[in-house]
Protein chains: 2
Amino acid sequence: MTGEWIYLNGRVIPLREAPVSPVDIGLLRGYAVFDLLRTANGRPFLLEEHLRRLHVSAASLGLAVPSTDAEIVAAIAELLVRNAHAEATVRFLLTGGESADGMSFDPATPTFMIMTHDLQEPPPELYERGGSLISVEHLREIPEAKTTNYLTMLRHKPRAIAQGALDLLYHHDGRILEAATASFYIVRGRDILVPERDVLYGTVGTFVLGMVREPYRIVEGDVTLDDAYGADEAFLTSTTRGVVPITRLDDRVIGGGVVGPVTAELMERFREALAAH
Amino acid sequence: MTGEWIYLNGRVIPLREAPVSPVDIGLLRGYAVFDLLRTANGRPFLLEEHLRRLHVSAASLGLAVPSTDAEIVAAIAELLVRNAHAEATVRFLLTGGESADGMSFDPATPTFMIMTHDLQEPPPELYERGGSLISVEHLREIPEAKTTNYLTMLRHKPRAIAQGALDLLYHHDGRILEAATASFYIVRGRDILVPERDVLYGTVGTFVLGMVREPYRIVEGDVTLDDAYGADEAFLTSTTRGVVPITRLDDRVIGGGVVGPVTAELMERFREALAAH
């Protein structure tokens, strides 16, 4: 559930008293970016990385976050106290603001809000058995920005749910990009293959890849669907799910259908990092 | 300006008392469709066609309009009286409704609103001199649906304005599709070439093409950028602009840079249709 208190354009107010205008360009024209972080032991995790990514996303749309980072940090602290989640996700949402004519907007008066939600973690079985993905041809419109455009994701979601899939795996021109709501990596021998182009910067992904140790190594470049089908291991990373083994892609089994040693180690290290936060 | 009264989920209420929830999926995930019609002599123009397209757009996203067409007609009539525009545009906006978890929504409880705005018509000179377009490689995600996703449009808009362009012309894999906010057609000899695939159904465009008379004929199919550069005439059609001659595309002049006879006749016929409405 979403917390009862929300930060909107500089004030912490009740969610039900935080109206978004029907003529907000984020609603009328989908012109908005967001970001989402999680807490660990009640404290924001990878806060700086998420703020940095928010600023990058905003700049991609010619927008700027109207609150300072210090104001944001203070607002998050207040929201976490008021909303009293056990553990939370913290969502930033930035739009171009209200539009007088339904198409124009003034970047000087954006709409910026911070919401918190109860952290929803996947069931433990997912980490033991691994999850499955469905591949979908799709290149996000502004890959480096975390925009609110989830048209393709939400349209395919009923099919994904029906097939028991955890997420979609986007690919374009033969290249794997990322999952709809996560970063995606594969292990081949001692190489961890990292899709390099046309993907969102992964906050958790970058953190997790930073924990890779010899003899394994990171190899950034183009990764194909066939690379994934034939991988020794595959895993995704996301804010709410951490490191998740992927053992099926479409109708193919990856890595014998079991959680591989590299994925297992990264899962464990990431859990330790959360616990120690 | 937007009218002070708005129809929201069955009620006509003041715009400022018509809050959209910060957790509406139309805002959080851009999951929304819309449509826009104009009045002529104070009455909705091509109302049935716009309603039909709204239903098509909704169905593409697995949504349904929660108001009956009769309720919509009555709501428009009430809004037009209350908001007292000289001439208006009427905007429908349909989203997946509020989301408990930031990703899921219940199609049974959508958000549906109707707003009205003052009709903004282009200056008369545009119809005398013609307008220019900038070509941009882009295929909309769900071409048959009028979604709220205008990321590409709004990102390129500052450049278009700087170059004095009226709109963007989207093309993909060598095929011309449509302008960002209009349908686009070219005239070559006696053929009026109509991009057939991956375009939104044009309400005004279809109406205007229906006024084409012998010896001219409609030819639906693929149209290339080179076809456009070398065209005898080009024009776009849209709800707010009607038929607009296009005399420049990128750095090229089309049809000698003057308004051609086919375009001139269709402009005139369309004006007559509006006047007679």
# chains A, B, ... in the order shown; residues from 1 in each chain; ligands from 1
>>> residues_around(residues="A:Asp227", least_positions_apart="6", cutoff="10 Å", atoms="only C-alpha atoms", output="list of chain:residue names")
A:Arg175, A:Ile176, A:Ile186, A:Val187, A:Arg188, A:Leu193
>>> write_last_selection(atoms="C-alpha atoms", output="PDB file, in the first residue's frame")
ATOM      1  CA  ARG A 175      20.264  -7.478 -29.044  1.00  0.00           C
ATOM      2  CA  ILE A 176      19.030  -8.142 -25.530  1.00  0.00           C
ATOM      3  CA  ILE A 186      24.108 -13.659 -18.259  1.00  0.00           C
ATOM      4  CA  VAL A 187      27.067 -15.787 -17.240  1.00  0.00           C
ATOM      5  CA  ARG A 188      29.077 -17.661 -19.874  1.00  0.00           C
ATOM      6  CA  LEU A 193      27.890 -10.463 -20.137  1.00  0.00           C
TER       7      LEU A 193
END
>>> residues_around(residues="A:Glu87", least_positions_apart="2", cutoff="12 Å", atoms="only C-alpha atoms", output="count of residues only")
26
>>> residues_around(residues="stretch 163-168 of chain A", least_positions_apart="3", cutoff="10 Å", atoms="only C-alpha atoms", output="MDAnalysis selection string")
chainID A and resid 122 126 130:138 152:153 156:160 171 178:182 236 244 246 248:250
>>> interface_residues(of="chain B", to="chain A", cutoff="6 Å", atoms="only C-alpha atoms", output="VMD selection string")
chain B and resid 1 19 to 21 26 to 31 100 148 to 151
>>> write_last_selection(atoms="all heavy atoms", output="compact mmCIF listing (two decimals), in the first residue's frame")
# COMPACT_ATOMS: atom_id res chain seq x y z
N MET B 1 -7.51 28.22 -23.10
CA MET B 1 -7.62 27.82 -21.70
C MET B 1 -8.59 26.64 -21.54
O MET B 1 -9.49 26.45 -22.35
CB MET B 1 -8.13 28.99 -20.85
CG MET B 1 -7.08 30.05 -20.59
SD MET B 1 -5.67 29.41 -19.64
CE MET B 1 -6.47 28.94 -18.09
N PRO B 19 -9.50 16.17 -8.59
CA PRO B 19 -8.14 15.68 -8.45
C PRO B 19 -7.96 14.34 -9.13
O PRO B 19 -8.84 13.49 -9.08
CB PRO B 19 -7.98 15.52 -6.95
CG PRO B 19 -9.35 15.19 -6.47
CD PRO B 19 -10.29 15.94 -7.38
N VAL B 20 -6.81 14.19 -9.73
CA VAL B 20 -6.40 12.87 -10.18
C VAL B 20 -5.48 12.35 -9.08
O VAL B 20 -4.64 13.08 -8.56
CB VAL B 20 -5.64 12.97 -11.51
CG1 VAL B 20 -5.09 11.61 -11.90
CG2 VAL B 20 -6.55 13.52 -12.59
N SER B 21 -5.65 11.11 -8.72
CA SER B 21 -4.82 10.55 -7.66
C SER B 21 -3.36 10.47 -8.11
O SER B 21 -3.07 10.11 -9.26
CB SER B 21 -5.30 9.14 -7.31
OG SER B 21 -4.35 8.51 -6.48
N GLY B 26 -2.38 6.15 -15.04
CA GLY B 26 -2.17 7.04 -16.18
C GLY B 26 -1.01 7.99 -15.93
O GLY B 26 -0.35 8.46 -16.86
N LEU B 27 -0.77 8.26 -14.67
CA LEU B 27 0.33 9.14 -14.28
C LEU B 27 1.58 8.31 -13.96
O LEU B 27 2.68 8.60 -14.43
CB LEU B 27 -0.08 9.96 -13.07
CG LEU B 27 0.91 11.01 -12.59
CD1 LEU B 27 1.04 12.13 -13.60
CD2 LEU B 27 0.46 11.57 -11.23
N LEU B 28 1.42 7.27 -13.16
CA LEU B 28 2.57 6.47 -12.72
C LEU B 28 3.22 5.70 -13.87
O LEU B 28 4.44 5.53 -13.88
CB LEU B 28 2.15 5.45 -11.65
CG LEU B 28 1.73 5.98 -10.29
CD1 LEU B 28 1.49 4.81 -9.34
CD2 LEU B 28 2.80 6.91 -9.72
N ARG B 29 2.39 5.22 -14.79
CA ARG B 29 2.90 4.34 -15.85
C ARG B 29 2.45 4.75 -17.25
O ARG B 29 2.55 3.96 -18.19
CB ARG B 29 2.45 2.90 -15.58
CG ARG B 29 2.88 2.35 -14.23
CD ARG B 29 4.38 2.07 -14.17
NE ARG B 29 4.77 1.60 -12.84
CZ ARG B 29 6.02 1.22 -12.53
NH1 ARG B 29 6.97 1.25 -13.44
NH2 ARG B 29 6.31 0.84 -11.31
N GLY B 30 1.92 5.94 -17.37
CA GLY B 30 1.52 6.41 -18.70
C GLY B 30 0.50 5.52 -19.38
O GLY B 30 0.46 5.46 -20.62
N TYR B 31 -0.30 4.81 -18.59
CA TYR B 31 -1.24 3.87 -19.19
C TYR B 31 -2.58 4.56 -19.40
O TYR B 31 -3.49 4.48 -18.56
CB TYR B 31 -1.39 2.63 -18.31
CG TYR B 31 -1.74 1.39 -19.11
CD1 TYR B 31 -0.82 0.84 -19.99
CD2 TYR B 31 -2.99 0.80 -19.00
CE1 TYR B 31 -1.13 -0.29 -20.73
CE2 TYR B 31 -3.31 -0.34 -19.74
CZ TYR B 31 -2.37 -0.87 -20.61
OH TYR B 31 -2.68 -1.99 -21.35
N ALA B 100 -2.82 0.18 -6.64
CA ALA B 100 -2.46 -0.04 -5.23
C ALA B 100 -0.95 -0.24 -5.08
O ALA B 100 -0.37 0.18 -4.09
CB ALA B 100 -3.20 -1.25 -4.68
N THR B 148 -1.43 8.48 -24.60
CA THR B 148 -0.92 9.77 -24.12
C THR B 148 0.59 9.90 -24.25
O THR B 148 1.17 10.89 -23.83
CB THR B 148 -1.29 9.97 -22.64
OG1 THR B 148 -0.84 8.83 -21.89
CG2 THR B 148 -2.79 10.13 -22.46
N ASN B 149 1.23 8.89 -24.84
CA ASN B 149 2.69 8.94 -24.94
C ASN B 149 3.16 9.92 -26.02
O ASN B 149 3.16 9.59 -27.20
CB ASN B 149 3.24 7.54 -25.20
CG ASN B 149 4.75 7.57 -25.39
OD1 ASN B 149 5.41 8.59 -25.12
ND2 ASN B 149 5.32 6.49 -25.86
N TYR B 150 3.61 11.09 -25.61
CA TYR B 150 4.14 12.11 -26.52
C TYR B 150 5.58 12.45 -26.17
O TYR B 150 6.04 13.58 -26.36
CB TYR B 150 3.25 13.36 -26.51
CG TYR B 150 2.03 13.19 -27.39
CD1 TYR B 150 1.03 12.29 -27.05
CD2 TYR B 150 1.89 13.89 -28.58
CE1 TYR B 150 -0.07 12.09 -27.86
CE2 TYR B 150 0.78 13.70 -29.40
CZ TYR B 150 -0.19 12.80 -29.03
OH TYR B 150 -1.28 12.60 -29.84
N LEU B 151 6.31 11.48 -25.64
CA LEU B 151 7.70 11.71 -25.25
C LEU B 151 8.52 12.24 -26.42
O LEU B 151 9.20 13.26 -26.31
CB LEU B 151 8.33 10.41 -24.74
CG LEU B 151 7.97 9.96 -23.32
CD1 LEU B 151 8.49 8.56 -23.08
CD2 LEU B 151 8.53 10.94 -22.30
>>> residues_around(residues="A:Ser183", least_positions_apart="4", cutoff="9 Å", atoms="only C-alpha atoms", output="short mmCIF file (atom, residue, chain, number, x, y, z; two decimals) with N, CA and C atoms, in the first residue's frame")
data_model
loop_
_atom_site.label_atom_id
_atom_site.label_comp_id
_atom_site.auth_asym_id
_atom_site.auth_seq_id
_atom_site.Cartn_x
_atom_site.Cartn_y
_atom_site.Cartn_z
N LEU A 177 18.28 -6.21 -24.28
CA LEU A 177 18.47 -4.91 -23.64
C LEU A 177 18.34 -5.03 -22.12
N GLU A 178 17.14 -5.23 -21.66
CA GLU A 178 16.89 -5.26 -20.21
C GLU A 178 15.50 -5.84 -20.01
N ALA A 179 15.21 -6.22 -18.79
CA ALA A 179 13.84 -6.64 -18.49
C ALA A 179 12.99 -5.37 -18.36
N PRO A 195 24.62 -6.25 -21.22
CA PRO A 195 24.16 -5.43 -22.36
C PRO A 195 24.56 -3.97 -22.13
N VAL A 199 20.16 0.81 -22.67
CA VAL A 199 19.58 0.31 -21.42
C VAL A 199 19.63 1.41 -20.36
N LEU A 200 18.73 1.28 -19.41
CA LEU A 200 18.75 2.17 -18.25
C LEU A 200 19.92 1.79 -17.36
N TYR A 201 20.54 2.81 -16.76
CA TYR A 201 21.57 2.55 -15.76
C TYR A 201 20.92 1.80 -14.60
N GLY A 202 21.47 0.63 -14.28
CA GLY A 202 20.89 -0.16 -13.19
C GLY A 202 21.55 0.19 -11.87
N VAL A 204 20.89 -1.12 -8.73
CA VAL A 204 21.24 -2.37 -8.03
C VAL A 204 22.19 -3.20 -8.89
N GLY A 205 21.94 -3.20 -10.21
CA GLY A 205 22.79 -3.96 -11.11
C GLY A 205 24.25 -3.53 -11.01
N PHE A 235 20.63 -13.87 -14.72
CA PHE A 235 19.97 -13.30 -13.54
C PHE A 235 19.54 -11.87 -13.84
N LEU A 236 18.57 -11.41 -13.10
CA LEU A 236 18.20 -10.01 -13.21
C LEU A 236 18.43 -9.34 -11.87
N THR A 237 18.49 -8.04 -11.92
CA THR A 237 18.65 -7.24 -10.70
C THR A 237 17.61 -6.12 -10.72
N SER A 238 17.04 -5.87 -9.56
CA SER A 238 16.11 -4.76 -9.46
C SER A 238 16.04 -4.28 -8.02
#
>>> closest_residue(among="A:Asp198, A:Glu125, A:Asp173, A:Glu78", to="A:Ile13", atoms="only C-alpha atoms")
A:Glu78
>>> select_by_dssp(residues="stretch 97-261 of chain A", states="strand (DSSP E)", output="number ranges by chain")
A: 111-118, 131-137, 167-172, 175-179, 183-188, 191-195, 217-221, 233-238, 242-249, 252-253
>>> closest_residue(among="B:Pro124, B:Pro143, B:Pro107, B:Gly230", to="B:Gly189", atoms="only C-alpha atoms")
B:Gly230
